[in-house]
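Chemist: Handing over start29.csv, CSV, C-alpha atoms.
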chain,number,residue,atom,x,y,z
A,240,MET,CA,16.1,17.9,-27.9
A,241,PRO,CA,17.2,16.1,-24.7
A,242,LYS,CA,19.3,12.9,-25.1
A,243,ILE,CA,17.1,9.8,-24.8
A,244,ARG,CA,18.7,6.9,-22.8
A,245,ALA,CA,16.2,4.2,-23.8
A,246,ALA,CA,15.4,1.9,-26.7
A,247,SER,CA,12.6,4.2,-27.9
A,248,VAL,CA,10.8,7.5,-27.1
A,249,ALA,CA,8.0,5.5,-25.5
A,250,ASP,CA,10.5,3.7,-23.3
A,251,HIS,CA,12.1,7.0,-22.4
A,252,ARG,CA,8.7,8.5,-21.4
A,253,ALA,CA,7.9,5.4,-19.4
A,254,GLN,CA,11.2,5.6,-17.5
A,255,GLN,CA,10.7,9.4,-16.8
A,256,ARG,CA,7.2,8.8,-15.6
A,257,ALA,CA,8.3,6.0,-13.3
A,258,ALA,CA,11.1,8.2,-12.0
A,259,LEU,CA,8.6,11.0,-11.1
A,260,VAL,CA,6.3,8.5,-9.4
A,261,ALA,CA,9.3,7.1,-7.4
A,262,ALA,CA,10.3,10.6,-6.4
A,263,ALA,CA,6.8,11.4,-5.2
A,264,ARG,CA,6.7,8.1,-3.2
A,265,GLU,CA,10.1,8.9,-1.6
A,266,ILE,CA,8.8,12.3,-0.4
A,267,LEU,CA,5.6,10.7,0.9
A,268,GLU,CA,7.7,8.1,2.8
A,269,GLU,CA,9.3,11.1,4.6
A,270,GLY,CA,5.8,11.8,5.9
A,271,ASP,CA,4.7,15.1,4.4
A,272,ALA,CA,2.3,14.9,1.5
A,273,SER,CA,2.3,18.7,1.1
A,274,ALA,CA,6.0,18.5,0.2
A,275,VAL,CA,5.0,16.6,-3.0
A,276,THR,CA,5.1,19.4,-5.5
A,277,PHE,CA,6.1,19.3,-9.2
A,278,ALA,CA,9.2,21.4,-8.2
A,279,ALA,CA,10.2,18.8,-5.6
A,280,VAL,CA,9.8,15.8,-7.8
A,281,ALA,CA,11.5,17.5,-10.7
A,282,ALA,CA,14.5,18.3,-8.5
A,283,ARG,CA,14.8,14.7,-7.4
A,284,THR,CA,14.7,13.4,-10.9
A,285,GLY,CA,16.8,16.1,-12.5
A,286,LEU,CA,14.0,17.4,-14.7
A,287,ALA,CA,12.8,20.9,-15.2
A,288,ARG,CA,9.6,21.7,-13.2
A,289,ASN,CA,7.6,22.4,-16.4
A,290,SER,CA,8.7,19.0,-17.8
A,291,VAL,CA,6.6,17.2,-15.2
A,292,TYR,CA,3.5,18.6,-16.9
A,293,LYS,CA,4.3,16.4,-19.9
A,294,TYR,CA,3.7,13.3,-17.7
A,295,PHE,CA,1.0,14.5,-15.3
A,296,ALA,CA,-1.7,17.1,-15.7
A,297,ASP,CA,-1.7,18.0,-12.0
A,298,ARG,CA,-0.5,17.0,-8.6
A,299,GLY,CA,-3.6,14.9,-7.9
A,300,GLN,CA,-2.9,12.8,-11.0
A,301,LEU,CA,0.7,12.2,-9.8
A,302,LEU,CA,-0.4,11.2,-6.3
A,303,ALA,CA,-3.2,8.9,-7.7
A,304,GLU,CA,-0.5,7.1,-9.8
A,305,VAL,CA,1.6,6.6,-6.6
A,306,VAL,CA,-1.4,5.0,-5.0
A,307,ARG,CA,-2.2,2.9,-8.1
A,308,GLU,CA,1.3,1.5,-8.4
A,309,ALA,CA,1.7,0.9,-4.6
A,310,ALA,CA,-1.2,-1.5,-4.3
A,311,PRO,CA,0.2,-4.4,-6.4
A,312,ARG,CA,3.5,-4.1,-4.6
A,313,TRP,CA,1.9,-4.3,-1.2
A,314,THR,CA,-0.4,-7.1,-2.3
A,315,SER,CA,2.4,-9.2,-3.8
A,316,ARG,CA,4.4,-8.9,-0.5
A,317,ILE,CA,1.3,-10.0,1.4
A,318,ARG,CA,0.7,-12.9,-0.9
A,319,ALA,CA,4.4,-13.9,-0.7
A,320,GLU,CA,4.1,-14.1,3.1
A,321,MET,CA,0.9,-16.1,2.8
A,322,ALA,CA,2.3,-18.5,0.2
A,323,ASP,CA,3.8,-21.0,2.7
A,324,ALA,CA,0.7,-21.2,4.9
A,325,GLN,CA,-0.5,-24.8,5.3
A,326,THR,CA,-3.9,-23.9,6.7
A,327,PRO,CA,-6.3,-21.0,6.3
A,328,GLU,CA,-5.6,-20.0,9.9
A,329,GLU,CA,-1.8,-19.8,9.1
A,330,ALA,CA,-2.7,-17.8,6.0
A,331,VAL,CA,-4.6,-15.3,8.2
A,332,ALA,CA,-1.7,-15.1,10.6
A,333,ALA,CA,0.7,-14.5,7.7
A,334,TYR,CA,-1.7,-11.8,6.3
A,335,VAL,CA,-1.6,-9.9,9.6
A,336,ARG,CA,2.2,-10.3,10.0
A,337,ALA,CA,2.8,-9.1,6.4
A,338,GLN,CA,0.8,-5.9,6.8
A,339,LEU,CA,2.5,-5.1,10.0
A,340,ILE,CA,5.9,-5.7,8.4
A,341,LEU,CA,4.9,-3.2,5.7
A,342,VAL,CA,4.1,-0.7,8.5
A,343,ARG,CA,7.4,-1.4,10.2
A,344,ASP,CA,9.2,-0.9,6.9
A,345,GLY,CA,7.6,2.5,6.3
A,346,GLU,CA,5.2,1.6,3.5
A,347,HIS,CA,2.2,2.7,5.6
A,348,ARG,CA,3.7,6.3,5.8
A,349,ILE,CA,2.6,6.8,2.2
A,350,ALA,CA,-1.1,6.1,3.0
A,351,GLN,CA,-0.8,8.1,6.2
A,352,ALA,CA,0.7,11.1,4.4
A,353,LEU,CA,-2.0,11.0,1.8
A,354,ALA,CA,-4.9,10.7,4.2
A,355,GLY,CA,-4.7,14.3,5.3
A,356,ASP,CA,-3.6,15.8,2.0
A,357,ARG,CA,-5.6,18.6,0.3
A,358,ASP,CA,-6.1,16.2,-2.7
A,359,ALA,CA,-7.4,13.4,-0.5
A,360,ALA,CA,-10.8,13.5,-2.2
A,361,VAL,CA,-9.2,12.8,-5.6
A,362,LEU,CA,-7.3,9.9,-4.1
A,363,ARG,CA,-10.1,8.1,-2.4
A,364,GLU,CA,-11.2,6.0,-5.4
A,365,GLY,CA,-7.6,4.8,-5.9
A,366,ALA,CA,-7.2,4.1,-2.2
A,367,ALA,CA,-10.4,2.1,-2.1
A,368,GLN,CA,-9.3,0.0,-5.1
A,369,ALA,CA,-5.9,-0.5,-3.4
A,370,HIS,CA,-7.5,-1.5,-0.2
A,371,ALA,CA,-9.8,-4.0,-2.0
A,372,GLN,CA,-6.7,-5.6,-3.7
A,373,ILE,CA,-5.0,-5.9,-0.3
A,374,LEU,CA,-8.0,-7.7,1.1
A,375,GLU,CA,-8.2,-10.2,-1.8
A,376,PRO,CA,-5.8,-12.8,-0.3
A,377,LEU,CA,-7.4,-12.6,3.1
A,378,ILE,CA,-10.9,-13.1,1.5
A,379,ALA,CA,-9.5,-16.2,-0.3
A,380,ALA,CA,-8.2,-17.7,2.9
A,381,LEU,CA,-11.5,-17.1,4.7
A,382,THR,CA,-13.4,-18.7,1.8
A,383,ASP,CA,-11.1,-21.7,2.1
A,384,LEU,CA,-12.0,-21.8,5.8
A,385,GLY,CA,-15.7,-22.0,4.9
A,386,ASP,CA,-16.7,-18.6,6.0
A,387,ASP,CA,-20.1,-17.7,4.6
A,388,ALA,CA,-19.4,-13.9,4.7
A,389,PRO,CA,-15.7,-13.6,3.9
A,390,HIS,CA,-15.8,-10.0,2.8
A,391,ARG,CA,-17.4,-8.9,6.0
A,392,THR,CA,-15.0,-11.0,8.1
A,393,ALA,CA,-12.0,-9.6,6.1
A,394,ARG,CA,-13.1,-6.1,6.9
A,395,LEU,CA,-13.5,-6.9,10.6
A,396,LEU,CA,-10.1,-8.7,10.7
A,397,GLN,CA,-8.6,-5.6,9.1
A,398,GLY,CA,-9.7,-3.8,12.2
A,399,PHE,CA,-7.2,-5.8,14.2
A,400,VAL,CA,-4.5,-4.8,11.7
A,401,ASN,CA,-5.5,-1.2,11.8
A,402,ALA,CA,-5.4,-1.1,15.6
A,403,ALA,CA,-2.0,-2.9,15.6
A,404,THR,CA,-0.8,-0.3,13.1
A,405,THR,CA,-1.8,2.5,15.4
A,406,ALA,CA,0.0,0.8,18.3
A,407,VAL,CA,3.2,0.3,16.3
A,408,GLU,CA,3.2,3.8,15.0
A,409,SER,CA,2.6,5.1,18.6
A,410,GLY,CA,5.8,3.4,19.7
A,411,ASP,CA,4.6,0.1,21.1
A,412,ASP,CA,6.9,-2.9,20.7
A,413,PHE,CA,6.6,-4.3,17.1
A,414,ASP,CA,7.1,-7.9,18.0
A,415,ALA,CA,4.7,-7.9,21.0
A,416,VAL,CA,2.0,-6.1,19.0
A,417,THR,CA,2.4,-8.4,16.0
A,418,ARG,CA,2.2,-11.5,18.2
A,419,GLN,CA,-1.0,-10.2,19.9
A,420,ALA,CA,-2.6,-9.1,16.7
A,421,VAL,CA,-1.9,-12.6,15.1
A,422,ARG,CA,-3.3,-14.3,18.2
A,423,LEU,CA,-6.5,-12.2,18.1
A,424,ALA,CA,-7.0,-12.7,14.4
A,425,THR,CA,-6.4,-16.4,14.3
A,426,GLY,CA,-8.5,-16.9,17.4
A,427,ALA,CA,-11.3,-15.0,15.7
A,428,VAL,CA,-11.2,-17.2,12.5
A,429,THR,CA,-10.9,-20.4,14.5
A,430,SER,CA,-14.2,-19.4,16.2
A,431,LEU,CA,-15.8,-19.3,12.7
A,432,ALA,CA,-15.9,-23.1,12.8
A,433,GLY,CA,-18.0,-23.1,15.9
A,434,PRO,CA,-21.8,-22.4,16.3
A,435,ARG,CA,-23.0,-19.0,15.0
For the structure just supplied, provide its representation as structure tokens.
Modeler:
Amino acid sequence: MPKIRAASVADHRAQQRAALVAAAREILEEGDASAVTFAAVAARTGLARNSVYKYFADRGQLLAEVVREAAPRWTSRIRAEMADAQTPEEAVAAYVRAQLILVRDGEHRIAQALAGDRDAAVLREGAAQAHAQILEPLIAALTDLGDDAPHRTARLLQGFVNAATTAVESGDDFDAVTRQAVRLATGAVTSLAGPR
């Protein structure tokens, strides 16, 4: 029996599972979802390939766990950026900036890599839940602003972020794109106070 370096067998299993998810995330950050195989994640964690099956039934389950654990991390970074905002408009600006910082820092490569993956259909539900979690702080800011359709507005504002993401990933200047996206988003929410 392999040596356990944890307080209990349950802790050891949790550590091994977390290591496998981290290895899959690292491979995704390199931009190639097809490279996420049980052999590759096993090699990165020092496990035998067949040991991975003790933790995940198949590759789709492993990738779904990567998506599931990424969402709270992304959301907490977005909320942290928004925490110092004094007004709902500042919160919207912080939301846009935070997402673009995640893109700049490579976090978006995970989502990008997964989008074209052969198991993408399996991942859609997890991705939809992750996306909903990411929108929560923006919806709260829009509600504070008095928006009567904050979910709709949040999805529309996310369009600015998505377009800015495409621009950054195409090589446009990060600072310039971020400033413009923030200007557009805050201008849009400021207009919510006017006549409809």
Chemist: Take the point (8.9, 3.7, 4.1) as written in the file and pick out every residue within 9 Å of it, counting all atoms listed in the file; give the list as a list of chain:residue names.
Modeler: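 Result, sorted by chain then residue number: A:Arg264, A:Glu265, A:Leu267, A:Glu268, A:Glu269, A:Gly270, A:Leu341, A:Val342, A:Arg343, A:Asp344, A:Gly345, A:Glu346, A:His347, A:Arg348, A:Ile349.
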Chemist: From the options A:Val260, A:Asp387, A:Ala296, A:Val421, which residue's atoms come nearest to Ala279 in chain A, counting all atoms listed in the file?
Modeler: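 Going through A:Val260, A:Asp387, A:Ala296, A:Val421 one by one, the smallest distance to Ala279 in chain A is for A:Val260.
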Chemist: Of the candidates A:Ala324, A:Val331, A:Ala262, A:Ala310, which one gets nearest to Thr284 in chain A if we count all atoms listed in the file?
Modeler: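 Checking each of A:Ala324, A:Val331, A:Ala262, A:Ala310 against Thr284 in chain A, counting all atoms listed in the file, the winner is A:Ala262.
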Chemist: Write out as a list in words the residues lying within 10 Å of Glu328 in chain A, counting only C-alpha atoms and excluding same-chain residues fewer than 5 positions away.
Modeler: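 Neighbouring residues, sequence-local ones excluded: Ala333, Tyr334, Ala380, Leu381, Asp383, Leu384, Val421, Ala424, Thr425, Gly426, Ala427, Val428 and Thr429 of chain A.
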Chemist: What gap, in Å, lies between CA of Leu339 in chain A and CA of Val400 in chain A?
Modeler: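 One can read the CA of Leu339 in chain A to CA of Val400 in chain A distance as 7.2 Å.
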